[in-house]
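What follows is the content of target21.tsv, which has TSV, C-alpha atoms and all ligand atoms:
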```
chain	number	residue	atom	x	y	z
A	21	MET	CA	-2.27	-44.76	-38.30
A	22	ARG	CA	-5.80	-43.75	-39.17
A	23	THR	CA	-7.68	-40.85	-37.67
A	24	LEU	CA	-11.12	-40.93	-36.10
A	25	SER	CA	-12.63	-37.46	-35.77
A	26	VAL	CA	-15.05	-37.13	-32.87
A	27	ILE	CA	-17.36	-34.13	-33.27
A	28	VAL	CA	-19.03	-32.87	-30.12
A	29	PRO	CA	-21.39	-29.88	-30.29
A	30	CYS	CA	-21.61	-28.11	-26.92
A	31	TYR	CA	-23.87	-25.34	-25.75
A	32	ASN	CA	-23.34	-24.31	-22.14
A	33	GLU	CA	-21.86	-27.66	-21.18
A	34	GLU	CA	-18.79	-26.70	-19.13
A	35	GLU	CA	-19.37	-29.50	-16.63
A	36	ASN	CA	-19.68	-32.15	-19.32
A	37	VAL	CA	-16.60	-31.34	-21.42
A	38	ARG	CA	-14.09	-33.24	-19.32
A	39	TYR	CA	-16.53	-35.91	-18.24
A	40	PHE	CA	-17.19	-36.71	-21.89
A	41	TYR	CA	-13.48	-36.85	-22.63
A	42	ASP	CA	-12.88	-39.29	-19.77
A	43	GLU	CA	-15.73	-41.54	-20.87
A	44	LEU	CA	-14.53	-41.52	-24.48
A	45	MET	CA	-11.01	-42.39	-23.42
A	46	LYS	CA	-12.27	-45.51	-21.68
A	47	ASN	CA	-12.14	-46.87	-25.23
A	48	ALA	CA	-8.43	-46.02	-25.52
A	49	ASP	CA	-7.43	-49.68	-25.75
A	50	PHE	CA	-9.89	-50.26	-28.54
A	51	PHE	CA	-8.58	-47.24	-30.50
A	52	ALA	CA	-5.00	-48.39	-30.03
A	53	GLY	CA	-5.89	-51.90	-31.13
A	54	LYS	CA	-7.39	-50.58	-34.34
A	55	ASP	CA	-4.49	-48.22	-35.01
A	56	LEU	CA	-6.81	-45.28	-34.59
A	57	VAL	CA	-5.84	-41.82	-33.40
A	58	CYS	CA	-8.71	-39.82	-31.94
A	59	GLU	CA	-9.11	-36.20	-32.94
A	60	ILE	CA	-11.71	-34.62	-30.68
A	61	ILE	CA	-13.40	-31.51	-32.02
A	62	TYR	CA	-15.51	-29.64	-29.51
A	63	VAL	CA	-17.80	-27.12	-31.18
A	64	ASP	CA	-18.68	-24.38	-28.73
A	65	ASP	CA	-21.99	-23.10	-30.00
A	66	GLY	CA	-21.79	-19.61	-28.50
A	67	SER	CA	-21.94	-20.80	-24.90
A	68	SER	CA	-22.19	-18.16	-22.21
A	69	ASP	CA	-20.55	-20.34	-19.56
A	70	GLY	CA	-16.99	-21.67	-19.38
A	71	THR	CA	-17.33	-24.32	-22.11
A	72	ALA	CA	-14.56	-22.89	-24.31
A	73	GLU	CA	-12.30	-22.44	-21.29
A	74	ALA	CA	-12.86	-26.06	-20.27
A	75	VAL	CA	-11.87	-27.20	-23.76
A	76	ARG	CA	-8.77	-25.00	-23.73
A	77	THR	CA	-7.68	-26.54	-20.43
A	78	LEU	CA	-8.25	-30.01	-21.81
A	79	ALA	CA	-6.30	-29.18	-24.98
A	80	LYS	CA	-3.25	-28.29	-22.91
A	81	GLU	CA	-3.19	-31.89	-21.68
A	82	ASP	CA	-4.06	-33.59	-24.95
A	83	PRO	CA	-3.01	-32.05	-28.28
A	84	HIS	CA	-5.66	-34.13	-30.04
A	85	VAL	CA	-8.37	-31.92	-28.55
A	86	HIS	CA	-9.58	-29.13	-30.84
A	87	LEU	CA	-12.04	-26.30	-30.51
A	88	VAL	CA	-14.27	-24.40	-32.89
A	89	SER	CA	-15.94	-21.55	-31.06
A	90	PHE	CA	-18.88	-19.71	-32.65
A	91	SER	CA	-19.47	-15.98	-32.38
A	92	ARG	CA	-22.98	-16.71	-31.05
A	93	ASN	CA	-25.44	-19.58	-30.75
A	94	PHE	CA	-26.06	-20.96	-34.24
A	95	GLY	CA	-27.73	-24.22	-33.23
A	96	LYS	CA	-26.60	-27.82	-33.08
A	97	GLU	CA	-27.03	-28.38	-36.80
A	98	ALA	CA	-24.52	-25.63	-37.56
A	99	GLY	CA	-22.21	-27.12	-34.94
A	100	LEU	CA	-22.26	-30.51	-36.62
A	101	TYR	CA	-21.52	-28.94	-39.98
A	102	ALA	CA	-18.63	-26.88	-38.60
A	103	GLY	CA	-17.19	-29.96	-36.93
A	104	MET	CA	-17.38	-31.99	-40.13
A	105	LYS	CA	-15.71	-29.16	-42.04
A	106	LYS	CA	-12.85	-29.12	-39.57
A	107	SER	CA	-12.49	-32.89	-39.32
A	108	THR	CA	-9.58	-34.53	-41.09
A	109	GLY	CA	-10.20	-38.14	-40.12
A	110	GLU	CA	-10.84	-41.09	-42.35
A	111	PHE	CA	-13.75	-41.81	-40.04
A	112	VAL	CA	-15.98	-39.29	-38.36
A	113	VAL	CA	-18.37	-39.74	-35.47
A	114	THR	CA	-20.81	-37.13	-34.18
A	115	MET	CA	-21.99	-37.39	-30.59
A	116	ASP	CA	-23.58	-35.34	-27.80
A	117	VAL	CA	-21.40	-34.11	-24.99
A	118	ASP	CA	-24.02	-35.05	-22.37
A	119	LEU	CA	-23.23	-38.77	-22.82
A	120	GLN	CA	-26.68	-39.62	-24.07
A	121	ASP	CA	-24.76	-41.20	-26.92
A	122	PRO	CA	-22.76	-43.92	-25.14
A	123	PRO	CA	-19.10	-44.03	-26.30
A	124	SER	CA	-19.08	-47.72	-25.30
A	125	LEU	CA	-21.04	-48.41	-28.49
A	126	LEU	CA	-18.11	-47.28	-30.67
A	127	PRO	CA	-16.38	-50.68	-31.04
A	128	GLU	CA	-19.59	-52.26	-32.31
A	129	MET	CA	-20.21	-49.35	-34.67
A	130	PHE	CA	-16.69	-49.59	-35.98
A	131	LYS	CA	-17.14	-53.28	-36.67
A	132	TYR	CA	-19.88	-52.51	-39.18
A	133	ILE	CA	-17.82	-49.79	-40.87
A	134	GLU	CA	-15.11	-52.39	-41.36
A	135	GLU	CA	-17.71	-54.71	-42.84
A	136	GLY	CA	-18.23	-52.12	-45.55
A	137	TYR	CA	-21.10	-49.94	-44.35
A	138	ASP	CA	-20.71	-46.24	-45.15
A	139	SER	CA	-22.36	-45.11	-41.96
A	140	VAL	CA	-23.55	-46.64	-38.72
A	141	ALA	CA	-26.46	-44.78	-37.17
A	142	THR	CA	-28.13	-45.20	-33.82
A	143	ARG	CA	-31.66	-44.90	-32.61
A	144	ARG	CA	-33.05	-45.15	-29.15
A	145	VAL	CA	-35.82	-47.67	-28.81
A	146	SER	CA	-37.45	-46.14	-25.77
A	147	ARG	CA	-38.18	-42.60	-24.73
A	148	LYS	CA	-37.77	-43.45	-21.07
A	149	GLY	CA	-37.25	-40.42	-18.84
A	150	GLU	CA	-38.88	-38.03	-21.29
A	151	PRO	CA	-42.08	-36.13	-20.49
A	152	PRO	CA	-44.99	-38.20	-21.96
A	153	ILE	CA	-46.48	-35.23	-23.77
A	154	ARG	CA	-43.17	-34.64	-25.53
A	155	SER	CA	-42.95	-38.29	-26.60
A	156	PHE	CA	-46.51	-38.14	-27.87
A	157	PHE	CA	-45.90	-35.15	-30.11
A	158	ALA	CA	-42.55	-36.53	-31.22
A	159	ARG	CA	-44.24	-39.75	-32.38
A	160	ARG	CA	-46.95	-37.79	-34.22
A	161	PHE	CA	-44.28	-35.71	-35.92
A	162	TYR	CA	-42.38	-38.74	-37.23
A	163	ARG	CA	-45.60	-40.35	-38.47
A	164	LEU	CA	-46.54	-37.14	-40.28
A	165	ILE	CA	-43.20	-36.33	-41.88
A	166	ASN	CA	-42.68	-39.89	-43.08
A	167	ARG	CA	-46.07	-39.93	-44.69
A	168	MET	CA	-45.29	-36.71	-46.53
A	169	SER	CA	-41.60	-36.99	-47.35
A	170	LYS	CA	-39.74	-39.40	-49.61
A	171	THR	CA	-36.68	-39.03	-47.40
A	172	GLU	CA	-37.04	-41.42	-44.50
A	173	ILE	CA	-36.78	-39.78	-41.10
A	174	VAL	CA	-36.33	-42.51	-38.50
A	175	ASP	CA	-38.22	-42.18	-35.21
A	176	GLY	CA	-35.86	-41.98	-32.27
A	177	ALA	CA	-32.83	-41.55	-34.52
A	178	ARG	CA	-30.02	-39.78	-32.72
A	179	ASP	CA	-27.33	-37.67	-34.28
A	180	TYR	CA	-24.87	-40.29	-33.01
A	181	ARG	CA	-23.37	-41.63	-36.20
A	182	LEU	CA	-20.10	-43.07	-37.36
A	183	MET	CA	-19.34	-42.23	-40.97
A	184	THR	CA	-16.68	-42.78	-43.58
A	185	ARG	CA	-14.93	-39.85	-45.22
A	186	GLN	CA	-16.94	-40.38	-48.39
A	187	PHE	CA	-20.20	-40.05	-46.47
A	188	VAL	CA	-19.01	-36.92	-44.66
A	189	ASN	CA	-17.90	-35.31	-47.91
A	190	ALA	CA	-21.37	-35.95	-49.32
A	191	ILE	CA	-22.88	-34.09	-46.37
A	192	LEU	CA	-20.41	-31.24	-46.76
A	193	GLU	CA	-21.65	-30.86	-50.31
A	194	MET	CA	-25.01	-29.81	-48.90
A	195	PRO	CA	-24.28	-26.28	-47.71
A	196	GLU	CA	-27.94	-25.39	-47.22
A	197	TYR	CA	-28.78	-22.82	-44.59
A	198	ASN	CA	-31.81	-24.61	-43.15
A	199	ARG	CA	-30.06	-27.70	-41.90
A	200	PHE	CA	-32.25	-30.54	-40.74
A	201	THR	CA	-29.46	-33.03	-40.13
A	202	LYS	CA	-31.69	-36.06	-39.58
A	203	GLY	CA	-33.02	-35.59	-43.08
A	204	ILE	CA	-29.66	-34.75	-44.63
A	205	PHE	CA	-28.10	-37.96	-43.25
A	206	SER	CA	-30.86	-39.94	-44.88
A	207	TRP	CA	-31.01	-37.94	-48.12
A	208	VAL	CA	-27.39	-38.65	-49.11
A	209	GLY	CA	-28.10	-42.38	-49.29
A	210	TYR	CA	-25.24	-44.92	-49.04
A	211	GLU	CA	-25.41	-48.05	-46.91
A	212	THR	CA	-26.43	-47.34	-43.34
A	213	LYS	CA	-26.50	-49.84	-40.51
A	214	TRP	CA	-28.90	-49.03	-37.66
A	215	LEU	CA	-28.04	-49.90	-34.08
A	216	GLU	CA	-30.50	-49.59	-31.24
A	217	PHE	CA	-30.05	-48.68	-27.61
A	218	GLU	CA	-32.14	-47.76	-24.59
A	219	ASN	CA	-32.58	-44.07	-23.89
A	220	ILE	CA	-30.01	-42.72	-21.44
A	221	GLU	CA	-30.69	-39.59	-19.44
A	222	ARG	CA	-28.22	-36.75	-19.84
A	223	ALA	CA	-25.19	-36.78	-17.51
A	224	LYS	CA	-25.22	-33.22	-16.17
A	225	GLY	CA	-27.00	-29.98	-16.89
A	226	GLU	CA	-30.33	-29.61	-18.62
A	227	THR	CA	-31.67	-30.17	-22.11
A	228	LYS	CA	-31.50	-27.14	-24.39
A	229	TRP	CA	-34.73	-28.10	-26.09
A	230	SER	CA	-37.87	-26.46	-24.90
A	231	PHE	CA	-41.18	-27.69	-26.23
A	232	TRP	CA	-41.49	-24.58	-28.39
A	233	LYS	CA	-37.99	-25.03	-29.86
A	234	LEU	CA	-38.86	-28.63	-30.74
A	235	PHE	CA	-42.06	-27.50	-32.42
A	236	ILE	CA	-40.18	-25.00	-34.60
A	237	TYR	CA	-37.63	-27.73	-35.33
A	238	ALA	CA	-40.43	-30.05	-36.46
A	239	ILE	CA	-41.82	-27.41	-38.84
A	240	ASP	CA	-38.30	-26.78	-40.18
A	241	GLY	CA	-37.90	-30.49	-40.83
A	242	ILE	CA	-41.15	-30.71	-42.75
A	243	VAL	CA	-40.42	-27.63	-44.84
A	244	ALA	CA	-36.86	-28.81	-45.54
A	245	PHE	CA	-37.75	-32.29	-46.69
A	246	THR	CA	-41.14	-32.23	-48.32
A	247	THR	CA	-43.27	-29.91	-50.36
A	248	ALA	CA	-46.38	-31.96	-49.58
A	249	PRO	CA	-48.01	-29.12	-47.57
A	250	LEU	CA	-47.99	-27.02	-50.75
A	251	ALA	CA	-49.78	-29.80	-52.58
A	252	ILE	CA	-52.28	-30.07	-49.74
A	253	ALA	CA	-52.91	-26.33	-50.02
A	254	SER	CA	-53.67	-26.56	-53.72
A	255	PHE	CA	-55.80	-29.64	-53.14
A	256	MET	CA	-57.84	-27.73	-50.57
A	257	GLY	CA	-58.21	-24.90	-53.08
A	258	VAL	CA	-59.68	-27.28	-55.65
A	259	LEU	CA	-61.93	-28.92	-53.05
A	260	PHE	CA	-63.35	-25.58	-51.97
A	261	CYS	CA	-63.94	-24.51	-55.59
A	262	VAL	CA	-65.98	-27.67	-56.16
A	263	LEU	CA	-67.93	-27.10	-52.95
A	264	ALA	CA	-68.55	-23.47	-53.88
A	265	PHE	CA	-69.81	-24.53	-57.32
A	266	ILE	CA	-72.28	-26.99	-55.80
A	267	LEU	CA	-73.41	-24.38	-53.31
A	268	ILE	CA	-74.02	-21.82	-56.07
A	269	ILE	CA	-76.23	-24.26	-57.97
A	270	VAL	CA	-78.14	-25.22	-54.82
A	271	THR	CA	-78.69	-21.55	-53.95
A	272	ILE	CA	-79.89	-20.60	-57.43
A	273	VAL	CA	-82.25	-23.58	-57.65
A	274	ARG	CA	-83.61	-22.87	-54.17
A	275	LYS	CA	-84.22	-19.23	-55.09
A	276	LEU	CA	-86.03	-20.16	-58.33
A	277	VAL	CA	-88.11	-22.99	-56.86
A	278	PHE	CA	-88.94	-21.66	-53.38
A	279	GLY	CA	-88.38	-17.92	-53.92
A	280	ASP	CA	-86.15	-18.02	-50.84
A	281	PRO	CA	-86.55	-14.83	-48.73
A	282	THR	CA	-83.53	-13.05	-47.18
A	283	SER	CA	-82.69	-15.68	-44.60
A	284	GLY	CA	-79.38	-17.53	-44.43
A	285	TRP	CA	-77.27	-14.93	-42.68
A	286	PRO	CA	-75.89	-17.40	-40.08
A	287	SER	CA	-74.84	-19.89	-42.71
A	288	LEU	CA	-73.15	-17.11	-44.66
A	289	VAL	CA	-71.09	-16.11	-41.64
A	290	CYS	CA	-70.03	-19.72	-41.11
A	291	ILE	CA	-69.01	-20.17	-44.72
A	292	ILE	CA	-67.04	-16.93	-44.84
A	293	SER	CA	-65.24	-17.69	-41.57
A	294	LEU	CA	-64.38	-21.22	-42.64
A	295	ILE	CA	-63.09	-20.24	-46.02
A	296	SER	CA	-61.07	-17.30	-44.74
A	297	GLY	CA	-59.53	-19.63	-42.19
A	298	VAL	CA	-58.54	-22.11	-44.85
A	299	GLN	CA	-57.18	-19.29	-47.00
A	300	LEU	CA	-55.02	-17.91	-44.23
A	301	PHE	CA	-53.79	-21.40	-43.38
A	302	CYS	CA	-52.74	-22.01	-46.98
A	303	LEU	CA	-51.12	-18.60	-47.14
A	304	GLY	CA	-49.21	-19.54	-44.00
A	305	ILE	CA	-47.94	-22.71	-45.67
A	306	ILE	CA	-46.72	-20.74	-48.66
A	307	GLY	CA	-45.20	-18.23	-46.25
A	308	GLN	CA	-43.20	-20.97	-44.56
A	309	TYR	CA	-41.63	-22.06	-47.82
A	310	LEU	CA	-41.11	-18.50	-48.93
A	311	SER	CA	-39.32	-17.56	-45.72
A	312	LYS	CA	-37.02	-20.57	-46.02
A	313	THR	CA	-36.32	-19.67	-49.64
A	314	TYR	CA	-35.62	-16.11	-48.56
A	315	MET	CA	-33.08	-17.25	-45.97
A	316	GLU	CA	-31.56	-19.63	-48.49
A	317	VAL	CA	-31.07	-17.04	-51.27
A	318	LYS	CA	-29.40	-14.62	-48.89
A	319	LYS	CA	-26.55	-17.14	-48.75
A	320	ARG	CA	-25.57	-16.17	-45.25
A	321	PRO	CA	-22.84	-18.27	-43.66
A	322	ILE	CA	-24.10	-21.21	-41.58
A	323	TYR	CA	-21.87	-20.15	-38.67
A	324	LEU	CA	-19.18	-17.62	-37.78
A	325	ILE	CA	-16.03	-18.58	-35.91
A	326	ARG	CA	-14.60	-16.60	-33.01
A	327	GLU	CA	-11.79	-18.94	-32.10
A	328	GLU	CA	-10.39	-22.13	-33.56
A	329	PHE	CA	-7.47	-24.47	-32.94
B	401	LIG	N1	-26.45	-28.18	-28.55
B	401	LIG	C1	-25.78	-27.24	-29.34
B	401	LIG	N2	-26.42	-26.08	-29.67
B	401	LIG	C2	-27.70	-25.79	-29.25
B	401	LIG	C3	-28.37	-26.78	-28.47
B	401	LIG	C4	-27.72	-27.94	-28.15
B	401	LIG	O1	-24.64	-27.46	-29.74
B	401	LIG	O2	-28.20	-24.72	-29.58
B	401	LIG	C5	-25.76	-29.46	-28.19
B	401	LIG	C6	-25.76	-29.77	-26.71
B	401	LIG	O3	-24.68	-29.19	-26.04
B	401	LIG	C7	-25.65	-31.29	-26.71
B	401	LIG	C8	-26.43	-31.67	-27.97
B	401	LIG	O4	-26.46	-30.51	-28.79
B	401	LIG	O5	-24.33	-31.76	-26.83
B	401	LIG	C9	-27.83	-32.16	-27.66
B	401	LIG	O6	-28.52	-31.19	-26.89
B	401	LIG	P1	-29.48	-31.58	-25.69
B	401	LIG	O7	-28.83	-32.64	-24.86
B	401	LIG	O8	-29.85	-30.31	-25.01
B	401	LIG	O9	-30.71	-32.18	-26.47
B	401	LIG	P2	-31.51	-33.53	-26.16
B	401	LIG	O10	-30.48	-34.61	-25.94
B	401	LIG	O11	-32.31	-33.26	-24.95
B	401	LIG	O12	-32.32	-33.77	-27.39
B	402	MG	MG	-29.03	-34.58	-24.61
```
What does this structure look like when you write it as structure tokens?
Ligand code: UDP
Ligand code: MG
Amino acid sequence: MRTLSVIVPCYNEEENVRYFYDELMKNADFFAGKDLVCEIIYVDDGSSDGTAEAVRTLAKEDPHVHLVSFSRNFGKEAGLYAGMKKSTGEFVVTMDVDLQDPPSLLPEMFKYIEEGYDSVATRRVSRKGEPPIRSFFARRFYRLINRMSKTEIVDGARDYRLMTRQFVNAILEMPEYNRFTKGIFSWVGYETKWLEFENIERAKGETKWSFWKLFIYAIDGIVAFTTAPLAIASFMGVLFCVLAFILIIVTIVRKLVFGDPTSGWPSLVCIISLISGVQLFCLGIIGQYLSKTYMEVKKRPIYLIREEF
């Protein structure tokens, strides 16, 4: 018998816990046929509703159900990491509890693992059912980060991924505090097969991602996987030095040739405002990296466990 660890991060998802289990178990025949035992690890990310209780009830019926409960909300990325740490399976799959990652895709994913791929990833080809403004900014973000980073971040990639033990161990070797999982999956390399599916709307409850949270997430992703903004900041510095140099020469020549009187106050204000803006912007970029470095050197744990079985 081989074990397949199913990692399911949950944050206030009490109504989805059992529903997910039932949907997953519709593949029971497939698992049996492949000699696979399913180990289901629910990671309760500091939920304030009855998520942990729902998992406990489920675990009484099926001993293959496990729970890792955090002391507070640490975020989905921490949940995925905790789940991988706990997993014992030869194969590991990470999926959302809201059934936006269809369990019916598992047999096809498994086929590719058997063909020798180290991981089978999924991406949704449409953003149907999502607010248009959100899709727009999401697209811009992927364009931007891929232009800046050497690590490929696939547009529409979900965290629904079937992996071999070797692949999971590689990820566990990256104990960084600022976890941008989409980038980490790609950074480790190995052979990945991409499967595509149409976007599915979440089963019950509401998305935990507000627009603001997504924006912060996007900045985190950029800071975690590219230092290009730092290069842009220094490039702007050089550019403005050159401009300033030209301006100095123009001003001196104008003074000598035309004996320029004390005009030019408006242009001075514009120049000072522009340059201070650019300076603050660049300082902000440095600040972003510095703050991430600060969090990283503190070596705080990625998550804290309240309950585990
Ligand atoms: N999630 C989590 N911690 C959080 C936010 C979300 O563990 O702080 C889980 C959530 O329960 C779900 C998955 O991550 O299983 C995806 O979240 P959601 O469906 O809200 O995001 P979306 O699918 O809208 O991107
Ligand atoms: Mg979802």
- Message: Could you list the protein, DNA and RNA residues that have any atom within 8 Å of ligand LIG 401 (chain B), counting all atoms listed in the file, and write them as number ranges by chain?
- Response: A: 28-33, 63-65, 93-97, 99-100, 115-118, 120, 222, 226-229
Generate the output file for the selected residues, C-alpha atoms, as a PDB file, in the coordinates of the input.
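Produced file part35.pdb, reproduced below:
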```pdb
ATOM      1  CA  VAL A  28     -19.030 -32.870 -30.120  1.00  0.00           C
ATOM      2  CA  PRO A  29     -21.390 -29.880 -30.290  1.00  0.00           C
ATOM      3  CA  CYS A  30     -21.610 -28.110 -26.920  1.00  0.00           C
ATOM      4  CA  TYR A  31     -23.870 -25.340 -25.750  1.00  0.00           C
ATOM      5  CA  ASN A  32     -23.340 -24.310 -22.140  1.00  0.00           C
ATOM      6  CA  GLU A  33     -21.860 -27.660 -21.180  1.00  0.00           C
ATOM      7  CA  VAL A  63     -17.800 -27.120 -31.180  1.00  0.00           C
ATOM      8  CA  ASP A  64     -18.680 -24.380 -28.730  1.00  0.00           C
ATOM      9  CA  ASP A  65     -21.990 -23.100 -30.000  1.00  0.00           C
ATOM     10  CA  ASN A  93     -25.440 -19.580 -30.750  1.00  0.00           C
ATOM     11  CA  PHE A  94     -26.060 -20.960 -34.240  1.00  0.00           C
ATOM     12  CA  GLY A  95     -27.730 -24.220 -33.230  1.00  0.00           C
ATOM     13  CA  LYS A  96     -26.600 -27.820 -33.080  1.00  0.00           C
ATOM     14  CA  GLU A  97     -27.030 -28.380 -36.800  1.00  0.00           C
ATOM     15  CA  GLY A  99     -22.210 -27.120 -34.940  1.00  0.00           C
ATOM     16  CA  LEU A 100     -22.260 -30.510 -36.620  1.00  0.00           C
ATOM     17  CA  MET A 115     -21.990 -37.390 -30.590  1.00  0.00           C
ATOM     18  CA  ASP A 116     -23.580 -35.340 -27.800  1.00  0.00           C
ATOM     19  CA  VAL A 117     -21.400 -34.110 -24.990  1.00  0.00           C
ATOM     20  CA  ASP A 118     -24.020 -35.050 -22.370  1.00  0.00           C
ATOM     21  CA  GLN A 120     -26.680 -39.620 -24.070  1.00  0.00           C
ATOM     22  CA  ARG A 222     -28.220 -36.750 -19.840  1.00  0.00           C
ATOM     23  CA  GLU A 226     -30.330 -29.610 -18.620  1.00  0.00           C
ATOM     24  CA  THR A 227     -31.670 -30.170 -22.110  1.00  0.00           C
ATOM     25  CA  LYS A 228     -31.500 -27.140 -24.390  1.00  0.00           C
ATOM     26  CA  TRP A 229     -34.730 -28.100 -26.090  1.00  0.00           C
TER      27      TRP A 229
END
```
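Considering the residues A:Thr184, A:Asn198, A:Val37, A:Lys148 and counting all atoms listed in the file, Val317 of chain A has its shortest atom-to-atom contact with A:Asn198.
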With distances taken over only C-alpha atoms and all ligand atoms, the candidate from A:Phe111, A:Phe231, A:Phe156, A:Tyr180 nearest ligand MG 402 (chain B) is A:Tyr180
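Note that atom CA of Ser25 of chain A and atom CA of Leu192 of chain A are 14.8 Å apart.
Minimum atom-to-atom distance to Arg320 of chain A, evaluated using all atoms listed in the file, belongs to A:Pro195 out of A:Glu218, A:Ile268, A:Val188, A:Pro195.
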re atom CA of Leu250 of chain A and atom CA of Ile266 of chain A: distance 24.8 Å
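Nearest residue to Pro321 of chain A, choosing from A:Leu78, A:Asp69, A:Ser107, A:Ala102 and counting all atoms listed in the file: A:Ala102.
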Q: Skip Gly257 of chain A itself and residues of its chain fewer than 3 positions away, then list as an NGL selection string all residues within 9 Å of it, counting all atoms listed in the file.
A: :A and (252-254 or 260-262 or 298-299 or 302)
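Ranking A:Ala223, A:Val26, A:Ile306, A:Ala79 by their shortest atom-to-atom distance to ligand MG 402 (chain B), with all atoms listed in the file included, puts A:Ala223 first.
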Taken to one decimal, the atom CA of Gly53 of chain A-atom CA of Leu87 of chain A distance is 26.3 Å
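In terms of minimum interatomic distance to ligand MG 402 (chain B), A:Ile220 ranks closest within A:Ile220, A:Val113, A:Ile272, A:Val258, counting all atoms listed in the file.
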Identify, on the basis of only C-alpha atoms, every residue whose closest approach to Val112 of chain A does not exceed 7 Å; exclude the query and any residue fewer than 2 positions from it along the same chain; express the result as a tab-separated table (two decimals) with C-alpha atoms, keeping the file's coordinate frame.
```tsv
chain	number	residue	atom	x	y	z
A	24	LEU	CA	-11.12	-40.93	-36.10
A	25	SER	CA	-12.63	-37.46	-35.77
A	26	VAL	CA	-15.05	-37.13	-32.87
A	109	GLY	CA	-10.20	-38.14	-40.12
A	110	GLU	CA	-10.84	-41.09	-42.35
A	114	THR	CA	-20.81	-37.13	-34.18
A	182	LEU	CA	-20.10	-43.07	-37.36
A	183	MET	CA	-19.34	-42.23	-40.97
A	184	THR	CA	-16.68	-42.78	-43.58
A	185	ARG	CA	-14.93	-39.85	-45.22
```
